[in-house]
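Student: If it helps, the file is called my_file.tsv and holds TSV, C-alpha atoms and all ligand atoms:
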chain	number	residue	atom	x	y	z
T	1450	MET	CA	250.41	210.40	24.21
T	1451	THR	CA	247.90	207.62	23.52
T	1452	CYS	CA	245.18	206.16	25.72
T	1453	PHE	CA	246.19	203.16	27.83
T	1454	PHE	CA	242.81	201.51	27.20
T	1455	CYS	CA	241.72	202.24	23.64
T	1456	LYS	CA	244.86	203.79	22.11
T	1457	GLY	CA	242.86	206.92	21.35
T	1458	ASN	CA	244.29	210.43	21.37
T	1459	MET	CA	244.94	211.98	24.78
T	1460	ILE	CA	244.32	215.71	24.68
T	1461	GLU	CA	245.18	218.30	27.33
T	1462	SER	CA	242.22	219.17	29.51
T	1463	THR	CA	241.19	219.89	33.08
T	1464	THR	CA	238.99	217.83	35.34
T	1465	THR	CA	237.51	217.71	38.83
T	1466	PHE	CA	239.26	215.22	41.12
T	1467	MET	CA	237.22	213.81	43.98
T	1468	VAL	CA	238.26	211.46	46.77
T	1469	GLN	CA	236.38	210.18	49.80
T	1470	LEU	CA	238.34	209.82	53.02
T	1471	ASP	CA	237.16	208.34	56.33
T	1472	ASN	CA	234.89	211.23	57.30
T	1473	CYS	CA	235.63	213.82	54.67
T	1474	ILE	CA	235.23	214.35	50.94
T	1475	VAL	CA	237.88	216.30	49.08
T	1476	ILE	CA	237.03	217.93	45.76
T	1477	VAL	CA	239.79	219.52	43.71
T	1478	LYS	CA	238.71	221.64	40.77
T	1479	ASN	CA	240.62	222.64	37.64
T	1480	VAL	CA	243.10	219.77	37.80
T	1481	PRO	CA	245.23	219.56	34.65
T	1482	CYS	CA	244.94	216.16	32.98
T	1483	HIS	CA	245.08	214.38	29.66
T	1484	LYS	CA	241.75	213.13	28.45
T	1485	CYS	CA	241.08	210.49	25.79
T	1486	ASP	CA	238.94	211.88	22.97
T	1487	GLN	CA	237.51	208.40	22.34
T	1488	CYS	CA	236.65	206.80	25.70
T	1489	GLY	CA	237.01	209.77	28.06
T	1490	GLU	CA	239.70	208.14	30.20
T	1491	GLU	CA	241.60	210.75	32.23
T	1492	ALA	CA	245.27	210.54	33.17
T	1493	PHE	CA	247.29	212.71	35.54
T	1494	SER	CA	250.98	213.40	35.17
T	1495	PHE	CA	253.31	212.31	37.96
T	1496	GLU	CA	253.68	215.91	39.17
T	1497	VAL	CA	249.92	216.43	39.28
T	1498	SER	CA	249.32	213.17	41.21
T	1499	GLN	CA	251.91	214.19	43.79
T	1500	ARG	CA	250.36	217.63	44.14
T	1501	LEU	CA	246.92	216.06	44.58
T	1502	GLU	CA	248.29	213.84	47.34
T	1503	GLN	CA	249.66	216.91	49.15
T	1504	ILE	CA	246.35	218.73	48.81
T	1505	VAL	CA	244.41	215.72	50.13
T	1506	ASP	CA	246.81	215.35	53.06
T	1507	LYS	CA	246.29	219.00	53.98
T	1508	CYS	CA	242.50	218.57	53.87
T	1509	ARG	CA	242.74	215.47	56.05
T	1510	GLU	CA	244.09	217.70	58.82
T	1511	ALA	CA	241.50	220.41	58.28
T	1512	LEU	CA	238.70	218.26	59.78
T	1513	THR	CA	235.98	219.56	57.52
T	1514	GLU	CA	233.33	217.29	56.04
T	1515	ILE	CA	233.65	218.59	52.54
T	1516	ALA	CA	236.72	220.41	51.29
T	1517	VAL	CA	236.59	222.11	47.92
T	1518	VAL	CA	239.95	223.23	46.62
T	1519	ASN	CA	240.89	225.02	43.41
T	1520	TYR	CA	243.98	223.28	42.04
T	1521	THR	CA	245.39	226.42	40.47
T	1522	ALA	CA	245.07	228.33	43.76
T	1523	ALA	CA	246.10	225.53	46.15
T	1601	ZN	ZN	240.66	205.90	25.42
Show me, as structure tokens, the structure contained in the file I just sent.
Ligand SMILES: [Zn+2]
Tutor:
Amino acid sequence: MTCFFCKGNMIESTTTFMVQLDNCIVIVKNVPCHKCDQCGEEAFSFEVSQRLEQIVDKCREALTEIAVVNYTAA
């Protein structure tokens, strides 16, 4: 797998995904990703993006201001 931007090497890593909704911030820790060892660009697989969407949807209903979720435990 090569980087979309700089064609560098994408290595397996984990990252913290953060998204701001209308009145809530969702933080997901330990998200598996591929990270470019040159420019630091991070890419999620299709499965991971779908899972993140589900997690964010669930938090949207929870009505908390800040939701911190551990990806591996979600
Ligand atoms: Zn890159």
Student: Do you know which residues are at most 9 Å from T:Met1450 counting all atoms listed in the file, after dropping those on the same chain fewer than 5 positions away, and could you put them as a VMD selection string?
Tutor: chain T and resid 1456 to 1460 1483
Student: Do a neighbour search on stretch 1461-1477 of chain T at 10 Å with all atoms listed in the file, toss out local chain neighbours closer than 4 positions, and write the hits as an MDAnalysis selection string.
Tutor: chainID T and resid 1450 1481:1486 1491:1493 1501 1504:1506 1508:1509 1511:1521 1523
Student: Just need the box for stretch 1494-1509 of chain T, edges along x, y and z, holding every atom the file lists for it with 6 Å tacked onto each side, so centre and edge lengths in Å to one decimal, as JSON.
Tutor:
{"center_x": 248.1, "center_y": 215.7, "center_z": 45.6, "size_x": 23.2, "size_y": 18.7, "size_z": 32.9}
Student: 6 Å from ligand ZN 1601 (chain T) is the threshold here; counting all atoms listed in the file, which polymer residues fall inside it? Answer as a list of chain:residue names.
Tutor: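 After applying the 6 Å limit, what remains is T:Cys1452, T:Phe1454, T:Cys1455, T:Lys1456, T:Gly1457, T:Cys1485, T:Gln1487, T:Cys1488, T:Gly1489, T:Glu1490.
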